[in-house]
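*Asks:* Have a look at this one.
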2 protein chains.
Amino acid sequence: MITSSIISPQDIQAHYNILNRIGCLGDQPDKGFTRAAYSDEETAVLAYFATQAELIGLHTDWDAVGNLCIETKDKHEHWVECGSHVDTVPAGGNFDGLAGIVAGFVAIAALNQLPRAYGLRLRIWRGEESASFGITSIGASAALGLLPADSLNNRHAGRSLAEAIREQGADPKFIEQRQSTISQCELDHIAAHIELHIEQGIVLEKETLDIGIVSGIRASSRSWISLQGEFDHSGATPMGKTYRRDTNLALAHILVALDDLFSSYQKENPSIDLVQTIGHINSNKEKNEHDDELYNNAISKVSGYAYFSYELRSCDDILRNSYKKEAMQTVQNIAASFGVTVEVESVSNSSGVKALNQPLQQRMRSICETLHYKHRTLASGAWHDAALIAQQKRSDQSNIPVAMIFIPCLKGKSHSPEEFSSYEQIAKGASLLANLMQQDLNDL
Amino acid sequence: MITSSIISPQDIQAHYNILNRIGCLGDQPDKGFTRAAYSDEETAVLAYFATQAELIGLHTDWDAVGNLCIETKDKHEHWVECGSHVDTVPAGGNFDGLAGIVAGFVAIAALNQLPRAYGLRLRIWRGEESASFGITSIGASAALGLLPADSLNNRHAGRSLAEAIREQGADPKFIEQRQSTISQCELDHIAAHIELHIEQGIVLEKETLDIGIVSGIRASSRSWISLQGEFDHSGATPMGKTYRRDTNLALAHILVALDDLFSSYQKENPSIDLVQTIGHINSNKEKNEHDDELYNNAISKVSGYAYFSYELRSCDDILRNSYKKEAMQTVQNIAASFGVTVEVESVSNSSGVKALNQPLQQRMRSICETLHYKHRTLASGAWHDAALIAQQKRSDQSNIPVAMIFIPCLKGKSHSPEEFSSYEQIAKGASLLANLMQQDLNDL
């Protein structure tokens, strides 16, 4: 039943003409956007879509914690949903999250009057970015009753999360009581949930592809690893481990050993679903302000203190955990050989989605072939709201079928004013989304 | 003509009982000392020795730039000198510099009434530490007419160097005009110059030795090396050099390659006179305050910017320079393989003393054998005032014979309140110094 609903770049642009003015930091969108979680700017975007929805005869529903649902008014038993978020990091772009909402709205608008087997729903989640209150997917977690009550005390821009929620006309009580706004019955009646998002990586652009079909969603394990050696005079202390307990040299050898460890895994499995990143070496501003010892390093001293951040991401928690164990042993062994002691501080550990729904991925491939969109399958390196839906169970313990569509973004940039996807690129993603939402999904 | 003048620990302690009160930061010497270059505290120590000298019939002479000379009053044509400094780094110790002055004073006092072939002189230099005005060996350089005039504008504690010199009753005009206070004739009549100093390293302590006979004085070449890559999303950017231009990973591989390069040199020559130190990785406070880009690194980003300091020290400038050339090529090659660009900023390049006077070293070995002092030969990793004397020429183009005596210091620590050598250790060094100063040095 493919009727090939094609969304045009003009359909996308029409919304961006307005949305480029909400939370923008300059006259032009290239200066970046700031729409914090539960801010006036975020609410303004939700209100914009509520108004647009009502203008074309869609139903709108604000849940108790401030998320907005837009639904077709026909009465089907089951729903095909799409969703994403509209908040940004400070001085971020206008595509991370918002592209998925514009695509979803345009897709539902295009399908509204067409015959369908399902009701269609767009979920606009609040506060996916952790930049504001230090927690990711606030709106979706709260709606599912998963947000810890004490996160209401987290603060941003002079307000607690509870205060910010109240200011935006929503009610933190649901979070206090960990009460979900989406009932089990509602979950049971979701036929499929689809999120379109910019890739936030450079794979699609490098391979000049239109669409990424997401196989799974990576979650991360993050730690701080600090090394303690001995500060010594650089000229008077002979070279070698007998005399020097050099943390900088130990750190370099550790990083190379971790790189070698990863390579050995990758040699066994060239498409291994794992990325390892040392984002910080001594470069965390806040940490440095509270950690004078770092500044005891000097050009004319053997280094006695250093630290680095260690992040592993995988869709597969079991793979990630077993790799991490080996990596930490590597760190300990190398440090010990330099007479350097190690302290590991865990920052976070989240659960990924090993595999998104396979039949939905297969259908997306077919649609891409029909529409002549160049595509490939890839894991999502970043966390997305859709992961939370994928982690819910229906009453019969089956999973809700969840899919994600990636579109390319310029140079893989996100979380910066440089973030960019063209209206053409978004329109292709929206066309795939519309065609998928129109299908009979009984056999998933 | 060895009469074995033995200096006792009590001889040393008698002076320290007073000197532990000048510039000390607490009631006890273990809180550290601050005696800046051309400070009241530095002058107070010089004044103490001037008074002590006059009490025992020695001649005192303040030169135009504020250094103090203490001399025996007999009229010999040639002089055997010793010397060091009495200033400290902020919150430093009371042995770096001062131990050599106490030892020298006690040695000359012991020899004053004994028959000698030479006049004896103690030079107490001002401002050896670069911590105050950013220049090392201010007093000795100024006395030799080597201090650049513009260094008078360097500032410390709210004063220019010129103002500080004036406040201590000396005259910056000599420096303005680069006029030496030590004439060529005076240089021609120095039979030998000897500096006793704490090792500032852990070799003597580790090998439980009493004396280090210094073979040469290392100078350093220092650079900042910065790496520019590309910041990317850590989860969405695949591993490998095709996708990542990761400066942290490049930095680690560079440091390991430099370590390997050094090892290959050391394999060829196990006692190679060269040390290589990466003291800073992203850990220079001042640099970071002026370099926002460092703080673009994040736990969840591929690193796009990093820097490190690079220091080489050797007594042998030619060896150091040829090694450095190869090291910089290594840095460029590895960085290029990671798609990372390199910027090298030279900080300083100074000239070392490849070999101190060999006959003096031989005489010191003999004296140590006679006195049953355990000793070894080693290079000085740190710069010392004596290096400047070793770099001067007599009128006949011969070198002034220069020697250095090292004594052990606790854990190799210096430039910190932990800095410590015992009165016994200083006394042994002073005994060696006294015996050397008493010898006939005609055949050097």
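How things are named: the first chain in the structure tokens is A, the next is B, and so on; residues count from 1 in each chain; ligands count from 1 in the order shown.
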When you get a sec, could you note down which chain A residues fall within 8 Å of chain B, using only C-alpha atoms, as a count of residues only?

*Replies:* 53

*Asks:* Can you pull out every residue within 9 Å of segment 25-31 of chain B, counting only C-alpha atoms, but drop anything in the same chain fewer than 6 positions away, and send it as a ChimeraX atom specification?

*Replies:* /B:91-94,417-420

*Asks:* Name the residues in contact with segment 356-365 of chain B at a cut-off of 8 Å, using only C-alpha atoms, excluding same-chain residues fewer than 5 positions from it; report them as a ChimeraX atom specification.

*Replies:* /B:213-217,375,390,401-404,432,436,444

*Asks:* Can you pull out every residue from segment 51-296 of chain A that DSSP, working from the backbone, puts in helix (DSSP H, G or I), and format the result as a PDB file with C-alpha atoms, in the first residue's frame?

*Replies:*
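What landed in part.pdb:
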```
ATOM      1  CA  THR A  51      -1.567  26.153  16.808  1.00  0.00           C
ATOM      2  CA  GLN A  52      -0.534  24.669  13.461  1.00  0.00           C
ATOM      3  CA  ALA A  53      -2.082  21.337  14.417  1.00  0.00           C
ATOM      4  CA  GLU A  54      -5.398  22.856  15.339  1.00  0.00           C
ATOM      5  CA  LEU A  55      -5.423  24.865  12.084  1.00  0.00           C
ATOM      6  CA  LEU A  98      13.587  19.981  15.726  1.00  0.00           C
ATOM      7  CA  ALA A  99      14.200  18.396  12.287  1.00  0.00           C
ATOM      8  CA  GLY A 100      12.411  15.282  13.543  1.00  0.00           C
ATOM      9  CA  ILE A 101       9.456  17.303  14.839  1.00  0.00           C
ATOM     10  CA  VAL A 102       9.065  19.299  11.609  1.00  0.00           C
ATOM     11  CA  ALA A 103       9.367  16.086   9.560  1.00  0.00           C
ATOM     12  CA  GLY A 104       6.839  14.326  11.792  1.00  0.00           C
ATOM     13  CA  PHE A 105       4.362  17.174  11.689  1.00  0.00           C
ATOM     14  CA  VAL A 106       4.615  17.524   7.912  1.00  0.00           C
ATOM     15  CA  ALA A 107       4.280  13.754   7.464  1.00  0.00           C
ATOM     16  CA  ILE A 108       1.156  13.564   9.648  1.00  0.00           C
ATOM     17  CA  ALA A 109      -0.297  16.621   7.896  1.00  0.00           C
ATOM     18  CA  ALA A 110       0.258  14.888   4.547  1.00  0.00           C
ATOM     19  CA  LEU A 111      -1.337  11.646   5.754  1.00  0.00           C
ATOM     20  CA  ILE A 138      13.542  14.692  31.037  1.00  0.00           C
ATOM     21  CA  GLY A 139      10.145  14.901  29.325  1.00  0.00           C
ATOM     22  CA  ALA A 140      10.069  11.347  27.993  1.00  0.00           C
ATOM     23  CA  SER A 141      11.411   9.886  31.253  1.00  0.00           C
ATOM     24  CA  ALA A 142       8.842  11.826  33.270  1.00  0.00           C
ATOM     25  CA  ALA A 143       6.018  10.716  30.963  1.00  0.00           C
ATOM     26  CA  ALA A 149      12.091  12.495  42.094  1.00  0.00           C
ATOM     27  CA  ASP A 150      15.296  14.098  43.360  1.00  0.00           C
ATOM     28  CA  SER A 151      16.126  15.373  39.867  1.00  0.00           C
ATOM     29  CA  LEU A 152      13.475  18.035  40.521  1.00  0.00           C
ATOM     30  CA  ASN A 153      16.109  19.749  42.677  1.00  0.00           C
ATOM     31  CA  LEU A 161      13.677  21.796  37.603  1.00  0.00           C
ATOM     32  CA  ALA A 162      10.480  21.764  39.672  1.00  0.00           C
ATOM     33  CA  GLU A 163      10.232  25.558  39.421  1.00  0.00           C
ATOM     34  CA  ALA A 164      10.966  25.540  35.691  1.00  0.00           C
ATOM     35  CA  ILE A 165       8.245  22.905  35.102  1.00  0.00           C
ATOM     36  CA  ARG A 166       5.748  24.954  37.088  1.00  0.00           C
ATOM     37  CA  GLU A 167       6.675  28.150  35.229  1.00  0.00           C
ATOM     38  CA  LYS A 173       3.834  16.281  41.185  1.00  0.00           C
ATOM     39  CA  PHE A 174       3.742  13.448  38.663  1.00  0.00           C
ATOM     40  CA  ILE A 175       7.536  13.303  38.876  1.00  0.00           C
ATOM     41  CA  GLU A 176       7.552  13.537  42.681  1.00  0.00           C
ATOM     42  CA  GLN A 184       0.244   0.740  30.123  1.00  0.00           C
ATOM     43  CA  CYS A 185      -2.865   0.577  27.944  1.00  0.00           C
ATOM     44  CA  GLU A 186      -1.549   3.422  25.821  1.00  0.00           C
ATOM     45  CA  LEU A 187       1.812   1.644  25.462  1.00  0.00           C
ATOM     46  CA  ASP A 188      -0.001  -1.585  24.471  1.00  0.00           C
ATOM     47  CA  VAL A 203      29.201   8.813   7.990  1.00  0.00           C
ATOM     48  CA  LEU A 204      26.221   9.732   5.782  1.00  0.00           C
ATOM     49  CA  GLU A 205      27.899  12.874   4.486  1.00  0.00           C
ATOM     50  CA  LYS A 206      31.227  11.143   3.814  1.00  0.00           C
ATOM     51  CA  THR A 247      52.234  10.403  34.985  1.00  0.00           C
ATOM     52  CA  ASN A 248      52.301  12.100  31.571  1.00  0.00           C
ATOM     53  CA  LEU A 249      54.394   9.323  30.094  1.00  0.00           C
ATOM     54  CA  ALA A 250      52.242   6.682  31.803  1.00  0.00           C
ATOM     55  CA  LEU A 251      49.120   8.376  30.438  1.00  0.00           C
ATOM     56  CA  ALA A 252      50.497   8.312  26.882  1.00  0.00           C
ATOM     57  CA  HIS A 253      51.384   4.630  27.120  1.00  0.00           C
ATOM     58  CA  ILE A 254      47.950   3.864  28.610  1.00  0.00           C
ATOM     59  CA  LEU A 255      46.137   5.643  25.771  1.00  0.00           C
ATOM     60  CA  VAL A 256      48.185   3.859  23.138  1.00  0.00           C
ATOM     61  CA  ALA A 257      47.559   0.518  24.874  1.00  0.00           C
ATOM     62  CA  LEU A 258      43.801   1.234  24.931  1.00  0.00           C
ATOM     63  CA  ASP A 259      43.989   2.111  21.243  1.00  0.00           C
ATOM     64  CA  ASP A 260      45.798  -1.191  20.605  1.00  0.00           C
ATOM     65  CA  LEU A 261      43.203  -3.079  22.667  1.00  0.00           C
ATOM     66  CA  PHE A 262      40.427  -1.598  20.573  1.00  0.00           C
ATOM     67  CA  SER A 263      42.265  -2.473  17.357  1.00  0.00           C
ATOM     68  CA  SER A 264      42.612  -6.075  18.462  1.00  0.00           C
ATOM     69  CA  TYR A 265      38.838  -6.275  19.038  1.00  0.00           C
ATOM     70  CA  GLN A 266      38.173  -4.592  15.702  1.00  0.00           C
ATOM     71  CA  LYS A 267      40.484  -7.022  13.936  1.00  0.00           C
ATOM     72  CA  GLU A 268      38.325  -9.890  15.238  1.00  0.00           C
ATOM     73  CA  LYS A 285      37.686  23.550  33.359  1.00  0.00           C
ATOM     74  CA  GLU A 286      35.500  22.879  36.390  1.00  0.00           C
ATOM     75  CA  LYS A 287      37.658  19.970  37.542  1.00  0.00           C
ATOM     76  CA  ASN A 288      40.806  22.068  37.196  1.00  0.00           C
ATOM     77  CA  GLU A 289      39.362  24.906  39.242  1.00  0.00           C
ATOM     78  CA  ASP A 292      45.110  22.553  42.313  1.00  0.00           C
ATOM     79  CA  GLU A 293      47.352  19.552  41.962  1.00  0.00           C
ATOM     80  CA  LEU A 294      47.115  19.664  38.176  1.00  0.00           C
ATOM     81  CA  TYR A 295      48.799  23.038  38.242  1.00  0.00           C
ATOM     82  CA  ASN A 296      51.820  21.608  40.070  1.00  0.00           C
TER      83      ASN A 296
END
```

*Asks:* Pick out the closest residue to Ser132 of chain B from this set: B:Asp396, B:Asp61, B:Asp87, B:Asp96. Count only C-alpha atoms.

*Replies:*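 Looking at the shortest contact to Ser132 of chain B, the residue is B:Asp87.
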
*Asks:* From the set B:Ala430, B:Ile211, B:Leu46, B:Ile124, which residue has the shortest atom-to-atom contact distance to Ser84 of chain B, counting only C-alpha atoms?

*Replies:*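 Closest candidate: B:Ile124.
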
*Asks:* Just checking: using only C-alpha atoms, which residue out of B:Tyr48, B:Trp125, B:Tyr423, B:Tyr38 ends up closest to Ile22 of chain B?

*Replies:*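 Checking each of B:Tyr48, B:Trp125, B:Tyr423, B:Tyr38 against Ile22 of chain B, counting only C-alpha atoms, the winner is B:Tyr48.
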
*Asks:* One number please: atom CA of Gly66 of chain B to atom CA of Gly127 of chain B, in Å, one decimal.

*Replies:*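 Atom-to-atom, atom CA of Gly66 of chain B to atom CA of Gly127 of chain B, that is 10.0 Å.
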
*Asks:* Please list as a PyMOL selection string every residue within 9 Å of Ser431 of chain A, counting only C-alpha atoms and excluding residues in the same chain fewer than 2 positions away.

*Replies:* chain A and resi 4-8+103+107+371+426-429+433-436

*Asks:* Could you write those residues out with all heavy atoms, as a compact mmCIF listing (two decimals), in the first residue's frame?

*Replies:*
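Final file, again05.txt:
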```txt
# COMPACT_ATOMS: atom_id res chain seq x y z
N SER A 4 3.55 6.52 -1.94
CA SER A 4 4.63 7.48 -2.11
C SER A 4 4.20 8.93 -1.84
O SER A 4 4.08 9.74 -2.76
CB SER A 4 5.26 7.37 -3.50
OG SER A 4 6.00 6.18 -3.57
N SER A 5 3.95 9.19 -0.55
CA SER A 5 3.71 10.57 -0.14
C SER A 5 5.05 11.28 -0.14
O SER A 5 5.91 10.98 0.68
CB SER A 5 3.14 10.63 1.28
OG SER A 5 1.98 9.85 1.36
N ILE A 6 5.24 12.21 -1.05
CA ILE A 6 6.52 12.92 -1.13
C ILE A 6 6.39 14.29 -0.48
O ILE A 6 5.54 15.09 -0.86
CB ILE A 6 6.98 13.06 -2.60
CG1 ILE A 6 7.18 11.68 -3.24
CG2 ILE A 6 8.28 13.88 -2.67
CD1 ILE A 6 8.24 10.84 -2.56
N ILE A 7 7.24 14.50 0.51
CA ILE A 7 7.29 15.79 1.19
C ILE A 7 8.28 16.68 0.43
O ILE A 7 9.36 16.22 0.06
CB ILE A 7 7.78 15.62 2.64
CG1 ILE A 7 6.96 14.55 3.40
CG2 ILE A 7 7.82 16.96 3.37
CD1 ILE A 7 5.52 14.90 3.65
N SER A 8 7.91 17.92 0.20
CA SER A 8 8.82 18.80 -0.55
C SER A 8 9.66 19.64 0.41
O SER A 8 9.25 19.90 1.55
CB SER A 8 8.01 19.74 -1.44
OG SER A 8 7.45 20.77 -0.66
N ALA A 103 9.62 17.21 10.48
CA ALA A 103 9.37 16.09 9.56
C ALA A 103 8.12 15.33 9.99
O ALA A 103 7.26 14.99 9.15
CB ALA A 103 10.58 15.16 9.52
N ALA A 107 4.70 15.10 7.89
CA ALA A 107 4.28 13.75 7.46
C ALA A 107 2.84 13.49 7.89
O ALA A 107 2.00 13.02 7.09
CB ALA A 107 5.22 12.70 8.06
N LEU A 371 12.05 5.02 -3.51
CA LEU A 371 12.19 6.47 -3.68
C LEU A 371 13.56 6.88 -4.23
O LEU A 371 13.84 8.07 -4.39
CB LEU A 371 11.95 7.19 -2.34
CG LEU A 371 10.59 6.97 -1.68
CD1 LEU A 371 10.52 7.69 -0.32
CD2 LEU A 371 9.44 7.47 -2.58
N ILE A 426 16.08 17.13 4.94
CA ILE A 426 15.00 16.85 5.90
C ILE A 426 13.78 16.31 5.16
O ILE A 426 13.11 15.37 5.64
CB ILE A 426 14.62 18.13 6.70
CG1 ILE A 426 15.84 18.66 7.46
CG2 ILE A 426 13.47 17.84 7.67
CD1 ILE A 426 15.63 20.03 8.11
N ALA A 427 13.48 16.88 3.98
CA ALA A 427 12.30 16.46 3.21
C ALA A 427 12.41 15.00 2.80
O ALA A 427 11.41 14.26 2.82
CB ALA A 427 12.13 17.36 1.98
N LYS A 428 13.59 14.54 2.44
CA LYS A 428 13.76 13.12 2.08
C LYS A 428 13.48 12.24 3.29
O LYS A 428 12.79 11.22 3.19
CB LYS A 428 15.17 12.87 1.54
CG LYS A 428 15.34 13.36 0.12
CD LYS A 428 16.72 13.04 -0.44
CE LYS A 428 16.81 13.53 -1.90
NZ LYS A 428 18.18 13.36 -2.44
N GLY A 429 14.01 12.64 4.45
CA GLY A 429 13.75 11.88 5.68
C GLY A 429 12.26 11.87 5.99
O GLY A 429 11.70 10.83 6.37
N LEU A 433 9.60 8.83 6.32
CA LEU A 433 8.78 8.72 7.53
C LEU A 433 7.29 8.60 7.16
O LEU A 433 6.58 7.73 7.68
CB LEU A 433 9.01 9.95 8.42
CG LEU A 433 8.23 10.03 9.72
CD1 LEU A 433 8.62 8.92 10.68
CD2 LEU A 433 8.44 11.40 10.42
N ALA A 434 6.85 9.48 6.26
CA ALA A 434 5.43 9.48 5.85
C ALA A 434 5.06 8.15 5.21
O ALA A 434 4.01 7.56 5.52
CB ALA A 434 5.16 10.63 4.88
N ASN A 435 5.91 7.65 4.35
CA ASN A 435 5.62 6.38 3.68
C ASN A 435 5.58 5.23 4.67
O ASN A 435 4.75 4.32 4.54
CB ASN A 435 6.65 6.12 2.58
CG ASN A 435 6.30 6.89 1.31
OD1 ASN A 435 5.47 6.45 0.51
ND2 ASN A 435 6.89 8.07 1.15
N LEU A 436 6.47 5.28 5.67
CA LEU A 436 6.49 4.21 6.68
C LEU A 436 5.23 4.28 7.55
O LEU A 436 4.63 3.25 7.87
CB LEU A 436 7.75 4.34 7.54
CG LEU A 436 8.01 3.23 8.56
CD1 LEU A 436 8.19 1.88 7.87
CD2 LEU A 436 9.23 3.55 9.41
```

*Asks:* Fewer than 3 positions away in the same chain doesn't count, so skip those; otherwise give me all residues within 10 Å of Asp74 of chain B, counting only C-alpha atoms, as a PyMOL selection string.

*Replies:* chain B and resi 58-59+71+77+112-113+116+118-120

*Asks:* Using the chain letters and numbers from this document, which residues of segment 132-300 of chain B does DSSP assign to strand (DSSP E or B), as a VMD selection string?

*Replies:* chain B and resid 155 to 156 159 to 160 190 to 198 211 to 217 219 to 228 232 to 233 275 to 277 281

*Asks:* Export, as a tab-separated table (two decimals), in the first residue's frame, the selected residues with C-alpha atoms.

*Replies:*
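What landed in again09.tsv:
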```
chain	number	residue	atom	x	y	z
B	155	ARG	CA	58.43	42.95	37.15
B	156	HIS	CA	57.91	41.07	40.40
B	159	ARG	CA	58.37	46.49	41.19
B	160	SER	CA	60.54	46.47	38.11
B	190	ILE	CA	90.86	33.12	38.98
B	191	ALA	CA	92.79	29.88	39.49
B	192	ALA	CA	89.59	27.89	40.02
B	193	HIS	CA	85.91	28.44	40.74
B	194	ILE	CA	83.93	25.85	42.67
B	195	GLU	CA	80.20	25.71	43.48
B	196	LEU	CA	78.74	23.34	46.01
B	197	HIS	CA	75.01	22.71	45.55
B	198	ILE	CA	72.34	20.24	46.56
B	211	ILE	CA	79.23	13.36	47.05
B	212	GLY	CA	78.42	13.92	43.40
B	213	ILE	CA	81.31	15.09	41.23
B	214	VAL	CA	79.69	17.10	38.49
B	215	SER	CA	80.86	16.35	34.96
B	216	GLY	CA	78.96	19.08	33.11
B	217	ILE	CA	76.00	21.41	33.43
B	219	ALA	CA	71.10	23.53	29.59
B	220	SER	CA	67.65	23.18	28.13
B	221	SER	CA	65.66	23.66	25.00
B	222	ARG	CA	61.98	24.23	25.75
B	223	SER	CA	58.97	24.40	23.45
B	224	TRP	CA	55.21	24.38	23.46
B	225	ILE	CA	53.76	21.97	20.91
B	226	SER	CA	50.09	22.34	20.07
B	227	LEU	CA	47.94	19.98	18.05
B	228	GLN	CA	44.87	20.96	16.08
B	232	ASP	CA	33.41	15.53	16.81
B	233	HIS	CA	30.60	13.67	18.53
B	275	VAL	CA	66.94	13.97	29.31
B	276	GLN	CA	63.58	14.46	27.65
B	277	THR	CA	60.55	15.60	29.64
B	281	ILE	CA	49.85	18.11	28.94
```

*Asks:* Just checking: using only C-alpha atoms, which residue out of B:Ile70, B:Leu144, B:Met328, B:Ala50 ends up closest to Ile389 of chain B?

*Replies:* B:Leu144
